[in-house]
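Engineer: What follows is final14.cif, made up of mmCIF, C-alpha atoms:
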data_coords
loop_
_atom_site.label_atom_id
_atom_site.label_comp_id
_atom_site.auth_asym_id
_atom_site.auth_seq_id
_atom_site.Cartn_x
_atom_site.Cartn_y
_atom_site.Cartn_z
CA MET I 1 55.98 138.02 103.54
CA SER I 2 55.59 138.62 107.28
CA ASP I 3 52.15 138.86 108.90
CA PHE I 4 52.77 142.55 109.54
CA GLY I 5 53.73 143.20 105.92
CA GLN I 6 50.76 141.23 104.63
CA GLY I 7 48.42 143.04 107.04
CA LEU I 8 49.76 146.43 105.97
CA ARG I 9 49.34 145.46 102.32
CA LEU I 10 45.69 144.62 103.06
CA TRP I 11 45.20 148.10 104.57
CA LEU I 12 46.11 149.62 101.24
CA ALA I 13 44.44 147.01 99.01
CA PRO I 14 41.56 145.53 101.00
CA GLU I 15 40.19 143.71 97.95
CA ARG I 16 43.09 141.27 98.41
CA VAL I 17 41.44 139.91 101.54
CA ARG I 18 39.16 138.01 99.14
CA GLU I 19 42.11 135.89 98.09
CA GLU I 20 41.95 134.05 101.40
CA GLY I 21 39.45 131.44 102.49
CA GLU I 22 35.76 131.56 101.71
CA THR I 23 33.31 134.42 101.74
CA PRO I 24 31.65 134.60 105.17
CA ASP I 25 27.98 135.34 105.73
CA TYR I 26 27.51 138.98 104.67
CA ARG I 27 25.93 139.81 108.02
CA PHE I 28 29.25 139.11 109.72
CA SER I 29 31.21 141.23 107.25
CA LEU I 30 28.73 144.08 107.69
CA ALA I 31 28.92 143.76 111.47
CA ASN I 32 32.72 143.95 111.16
CA GLU I 33 32.34 147.10 109.08
CA ARG I 34 30.00 148.66 111.68
CA THR I 35 32.59 147.92 114.36
CA PHE I 36 35.22 149.60 112.17
CA LEU I 37 33.02 152.69 111.86
CA ALA I 38 32.45 152.72 115.63
CA TRP I 39 36.23 152.74 116.16
CA LEU I 40 36.51 155.65 113.73
CA ARG I 41 33.77 157.59 115.57
CA THR I 42 35.67 156.99 118.79
CA ALA I 43 38.88 158.24 117.14
CA LEU I 44 37.11 161.39 115.94
CA ALA I 45 35.68 162.02 119.40
CA LEU I 46 39.11 161.64 120.99
CA ILE I 47 40.67 164.00 118.45
CA GLY I 48 37.86 166.52 118.99
CA GLY I 49 38.35 166.24 122.74
CA GLY I 50 42.07 166.84 122.34
CA PHE I 51 41.46 170.00 120.33
CA ALA I 52 38.82 171.14 122.81
CA VAL I 53 41.23 170.77 125.73
CA ALA I 54 43.95 172.63 123.82
CA GLN I 55 41.67 175.48 122.68
CA PHE I 56 39.09 175.97 125.40
CA LEU I 57 41.18 175.72 128.55
CA PRO I 58 43.61 178.62 128.03
CA ASP I 59 43.85 179.34 131.76
CA LEU I 60 45.09 175.85 132.50
CA ALA I 61 48.85 175.58 132.99
CA TYR I 62 50.44 175.08 129.58
CA GLY I 63 52.14 171.77 130.36
CA ILE I 64 49.00 170.21 131.81
CA ARG I 65 46.82 171.46 128.95
CA VAL I 66 49.22 170.24 126.28
CA GLY I 67 49.75 166.92 128.06
CA MET I 68 46.03 166.20 128.25
CA ALA I 69 45.47 167.35 124.67
CA LEU I 70 48.33 165.23 123.33
CA GLY I 71 47.07 162.22 125.28
CA LEU I 72 43.65 162.51 123.65
CA LEU I 73 45.03 163.31 120.20
CA GLY I 74 47.47 160.41 120.38
CA ALA I 75 44.72 158.05 121.50
CA GLY I 76 42.61 159.25 118.57
CA VAL I 77 45.40 158.60 116.07
CA LEU I 78 46.08 155.14 117.50
CA CYS I 79 42.37 154.36 117.53
CA ALA I 80 41.99 155.29 113.86
CA LEU I 81 44.98 153.15 112.88
CA ARG I 82 43.82 150.30 115.06
CA ALA I 83 40.37 150.42 113.45
CA VAL I 84 41.64 149.43 110.03
CA ASN I 85 44.03 146.87 111.50
CA HIS I 86 41.23 145.24 113.49
CA TRP I 87 38.89 145.24 110.50
CA VAL I 88 41.49 143.45 108.32
CA ARG I 89 42.36 140.93 111.03
CA CYS I 90 38.71 140.09 111.70
CA GLU I 91 37.84 139.84 108.02
CA ARG I 92 40.77 137.48 107.42
CA ALA I 93 39.84 135.36 110.43
CA MET I 94 36.22 135.06 109.29
CA ARG I 95 37.29 134.07 105.77
CA ARG I 96 39.68 131.43 107.13
CA GLY I 97 37.22 130.09 109.69
CA ASP I 98 39.61 131.04 112.53
CA ASP I 99 38.72 132.46 115.91
CA LEU I 100 38.38 136.23 115.90
CA PRO I 101 41.58 137.98 117.02
CA VAL I 102 41.90 139.37 120.51
CA SER I 103 43.64 142.62 121.35
CA ARG I 104 44.96 144.56 124.31
CA PHE I 105 44.26 147.84 122.53
CA PRO I 106 40.85 148.45 124.17
CA THR I 107 42.58 148.22 127.56
CA LEU I 108 45.30 150.65 126.49
CA LEU I 109 42.75 153.08 125.07
CA SER I 110 40.66 152.87 128.23
CA LEU I 111 43.70 153.61 130.39
CA VAL I 112 44.67 156.69 128.33
CA VAL I 113 41.11 158.03 128.47
CA ALA I 114 40.89 157.29 132.20
CA VAL I 115 44.16 159.12 132.94
CA VAL I 116 43.02 162.20 131.01
CA ALA I 117 39.59 162.01 132.66
CA LEU I 118 41.19 161.86 136.12
CA ALA I 119 43.32 164.87 135.25
CA MET I 120 40.16 166.69 134.22
CA VAL I 121 38.50 165.75 137.53
CA VAL I 122 41.46 167.30 139.37
CA VAL I 123 41.17 170.42 137.20
CA VAL I 124 37.44 170.72 137.90
CA LEU I 125 37.82 170.12 141.65
CA PHE I 126 40.82 172.38 142.24
CA GLY I 127 40.44 174.92 139.46
CA TRP I 128 42.60 175.57 136.47
CA GLU I 129 44.35 178.79 137.35
CA GLY I 130 47.96 178.18 136.59
CA GLY I 131 49.07 180.74 134.11
CA ARG I 132 50.55 180.09 130.73
#
Rewrite the structure of this file - the entire thing - as structure tokens.

Structural biologist:
Amino acid sequence: MSDFGQGLRLWLAPERVREEGETPDYRFSLANERTFLAWLRTALALIGGGFAVAQFLPDLAYGIRVGMALGLLGAGVLCALRAVNHWVRCERAMRRGDDLPVSRFPTLLSLVVAVVALAMVVVVLFGWEGGR
């Protein structure tokens, strides 16, 4: 089975991660779980921000408002999916004694948030009158 298929299987049946390697120090597994929860909090904040932009900026031009909202909502969805993927990958690496996996996702997430934040700076500086 491919790495992707095996990783996806572990999303749905995380107890199978125990089939690999040796049990790591519980402190590391709990730290991995806290990181997972932090990713989920970030996802919830991004989703909340997306809804806030969509609902509370009605005077902002429709395309701009929807674009910013979809950027935040999409980042929230990706962040939630990435959280479980990262948890599984780290747990497997710890059990195998491998180096922890690296990812470009934090960079991608930062860029999406930065683009939306810059758009919001423009909105604040120049106003949001634009009709619907």

Engineer: Using all atoms listed in the file, pick whichever of I:Arg34, I:Arg9, I:Arg18, I:Arg65 has the shortest atom-to-atom distance to Ala119 in chain I.

Structural biologist: I:Arg65

Engineer: With the PyMOL selection byres ((chain I and resi 32) around 10) as the selection, what would be picked from this file? Answer as a short mmCIF file (atom, residue, chain, number, x, y, z; two decimals) with C-alpha atoms, in the coordinates of the input, please.

Structural biologist:
data_model
loop_
_atom_site.label_atom_id
_atom_site.label_comp_id
_atom_site.auth_asym_id
_atom_site.auth_seq_id
_atom_site.Cartn_x
_atom_site.Cartn_y
_atom_site.Cartn_z
CA TYR I 26 27.51 138.98 104.67
CA ARG I 27 25.93 139.81 108.02
CA PHE I 28 29.25 139.11 109.72
CA SER I 29 31.21 141.23 107.25
CA LEU I 30 28.73 144.08 107.69
CA ALA I 31 28.92 143.76 111.47
CA GLU I 33 32.34 147.10 109.08
CA ARG I 34 30.00 148.66 111.68
CA THR I 35 32.59 147.92 114.36
CA PHE I 36 35.22 149.60 112.17
CA LEU I 37 33.02 152.69 111.86
CA ALA I 38 32.45 152.72 115.63
CA HIS I 86 41.23 145.24 113.49
CA TRP I 87 38.89 145.24 110.50
CA VAL I 88 41.49 143.45 108.32
CA CYS I 90 38.71 140.09 111.70
CA GLU I 91 37.84 139.84 108.02
CA MET I 94 36.22 135.06 109.29
#

Engineer: In terms of the shortest atom-to-atom distance over all atoms listed in the file, which of I:Thr23, I:Thr42, I:Thr107, I:Gln55 is closest to Ala80 in chain I?

Structural biologist: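 Checking each candidate against Ala80 in chain I, we get I:Thr42 as the closest.
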
Engineer: How many Å lie between CA of Gly49 in chain I and CA of Met68 in chain I, rounded to one decimal?

Structural biologist: 9.5 Å

Engineer: Decode the PyMOL selection byres ((chain I and resi 69) around 8) for the given file into explicit residues and return them as number ranges by chain.

Structural biologist: I: 49-54, 65-68, 70-73

Engineer: Just the number, please: distance in Å from CA of Ile64 in chain I to CA of Leu108 in chain I, one decimal.

Structural biologist: 20.6 Å

Engineer: Which residues fall under the PyMOL selection byres ((chain I and resi 79) around 10) in this file, as number ranges by chain?

Structural biologist: I: 39-44, 46-47, 73-78, 80-85, 105-106, 109

Engineer: So how many Å separate CA of Val17 in chain I and CA of Ala45 in chain I, to one decimal?

Structural biologist: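 Computing the Euclidean distance for CA of Val17 in chain I and CA of Ala45 in chain I yields 29.0 Å.
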
Engineer: Find the axis-aligned box for range 93-103 of chain I, covering all its listed atoms and adding 3 Å on each side, and write its centre and edge lengths in Å to one decimal as lines of an AutoDock Vina configuration file.

Structural biologist:
center_x = 39.9
center_y = 136.4
center_z = 113.6
size_x = 13.4
size_y = 18.5
size_z = 21.6

Engineer: Could you check the closest approach to Arg96 in chain I for each of I:Glu22, I:Phe56, I:Leu8, I:Val113 and tell me which residue wins, using all atoms listed in the file?

Structural biologist: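 So, comparing all the options, the nearest one is I:Glu22.
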
Engineer: Which residue out of I:Met120, I:Arg104, I:Arg92, I:Ala61 has the minimum interatomic distance to Trp11 in chain I when all atoms listed in the file are used?

Structural biologist: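 For Trp11 in chain I, the nearest of the given residues is I:Arg92.
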
Engineer: Can you complete the atoms of range 73-86 of chain I to N, CA and C atoms and list them as a PDB file, in the coordinates of the input?

Structural biologist:
ATOM      1  N   LEU I  73      44.718 163.338 121.633  1.00  0.00           N
ATOM      2  CA  LEU I  73      45.030 163.310 120.200  1.00  0.00           C
ATOM      3  C   LEU I  73      45.773 162.030 119.827  1.00  0.00           C
ATOM      4  N   GLY I  74      46.739 161.647 120.639  1.00  0.00           N
ATOM      5  CA  GLY I  74      47.470 160.410 120.380  1.00  0.00           C
ATOM      6  C   GLY I  74      46.576 159.196 120.430  1.00  0.00           C
ATOM      7  N   ALA I  75      45.668 159.167 121.411  1.00  0.00           N
ATOM      8  CA  ALA I  75      44.720 158.050 121.500  1.00  0.00           C
ATOM      9  C   ALA I  75      43.826 158.018 120.269  1.00  0.00           C
ATOM     10  N   GLY I  76      43.440 159.192 119.769  1.00  0.00           N
ATOM     11  CA  GLY I  76      42.610 159.250 118.570  1.00  0.00           C
ATOM     12  C   GLY I  76      43.334 158.718 117.344  1.00  0.00           C
ATOM     13  N   VAL I  77      44.600 159.088 117.206  1.00  0.00           N
ATOM     14  CA  VAL I  77      45.400 158.600 116.070  1.00  0.00           C
ATOM     15  C   VAL I  77      45.550 157.082 116.159  1.00  0.00           C
ATOM     16  N   LEU I  78      45.924 156.584 117.334  1.00  0.00           N
ATOM     17  CA  LEU I  78      46.080 155.140 117.500  1.00  0.00           C
ATOM     18  C   LEU I  78      44.771 154.401 117.253  1.00  0.00           C
ATOM     19  N   CYS I  79      43.676 154.984 117.710  1.00  0.00           N
ATOM     20  CA  CYS I  79      42.370 154.360 117.530  1.00  0.00           C
ATOM     21  C   CYS I  79      42.008 154.266 116.050  1.00  0.00           C
ATOM     22  N   ALA I  80      42.285 155.308 115.298  1.00  0.00           N
ATOM     23  CA  ALA I  80      41.990 155.290 113.860  1.00  0.00           C
ATOM     24  C   ALA I  80      42.837 154.237 113.153  1.00  0.00           C
ATOM     25  N   LEU I  81      44.116 154.159 113.495  1.00  0.00           N
ATOM     26  CA  LEU I  81      44.980 153.150 112.880  1.00  0.00           C
ATOM     27  C   LEU I  81      44.580 151.739 113.302  1.00  0.00           C
ATOM     28  N   ARG I  82      44.229 151.603 114.547  1.00  0.00           N
ATOM     29  CA  ARG I  82      43.820 150.300 115.060  1.00  0.00           C
ATOM     30  C   ARG I  82      42.505 149.838 114.424  1.00  0.00           C
ATOM     31  N   ALA I  83      41.659 150.778 114.060  1.00  0.00           N
ATOM     32  CA  ALA I  83      40.370 150.420 113.450  1.00  0.00           C
ATOM     33  C   ALA I  83      40.576 149.632 112.171  1.00  0.00           C
ATOM     34  N   VAL I  84      41.432 150.125 111.305  1.00  0.00           N
ATOM     35  CA  VAL I  84      41.640 149.430 110.030  1.00  0.00           C
ATOM     36  C   VAL I  84      42.376 148.116 110.259  1.00  0.00           C
ATOM     37  N   ASN I  85      43.313 148.101 111.190  1.00  0.00           N
ATOM     38  CA  ASN I  85      44.030 146.870 111.500  1.00  0.00           C
ATOM     39  C   ASN I  85      43.073 145.798 112.020  1.00  0.00           C
ATOM     40  N   HIS I  86      42.194 146.190 112.917  1.00  0.00           N
ATOM     41  CA  HIS I  86      41.230 145.240 113.490  1.00  0.00           C
ATOM     42  C   HIS I  86      40.257 144.752 112.423  1.00  0.00           C
TER      43      HIS I  86
END
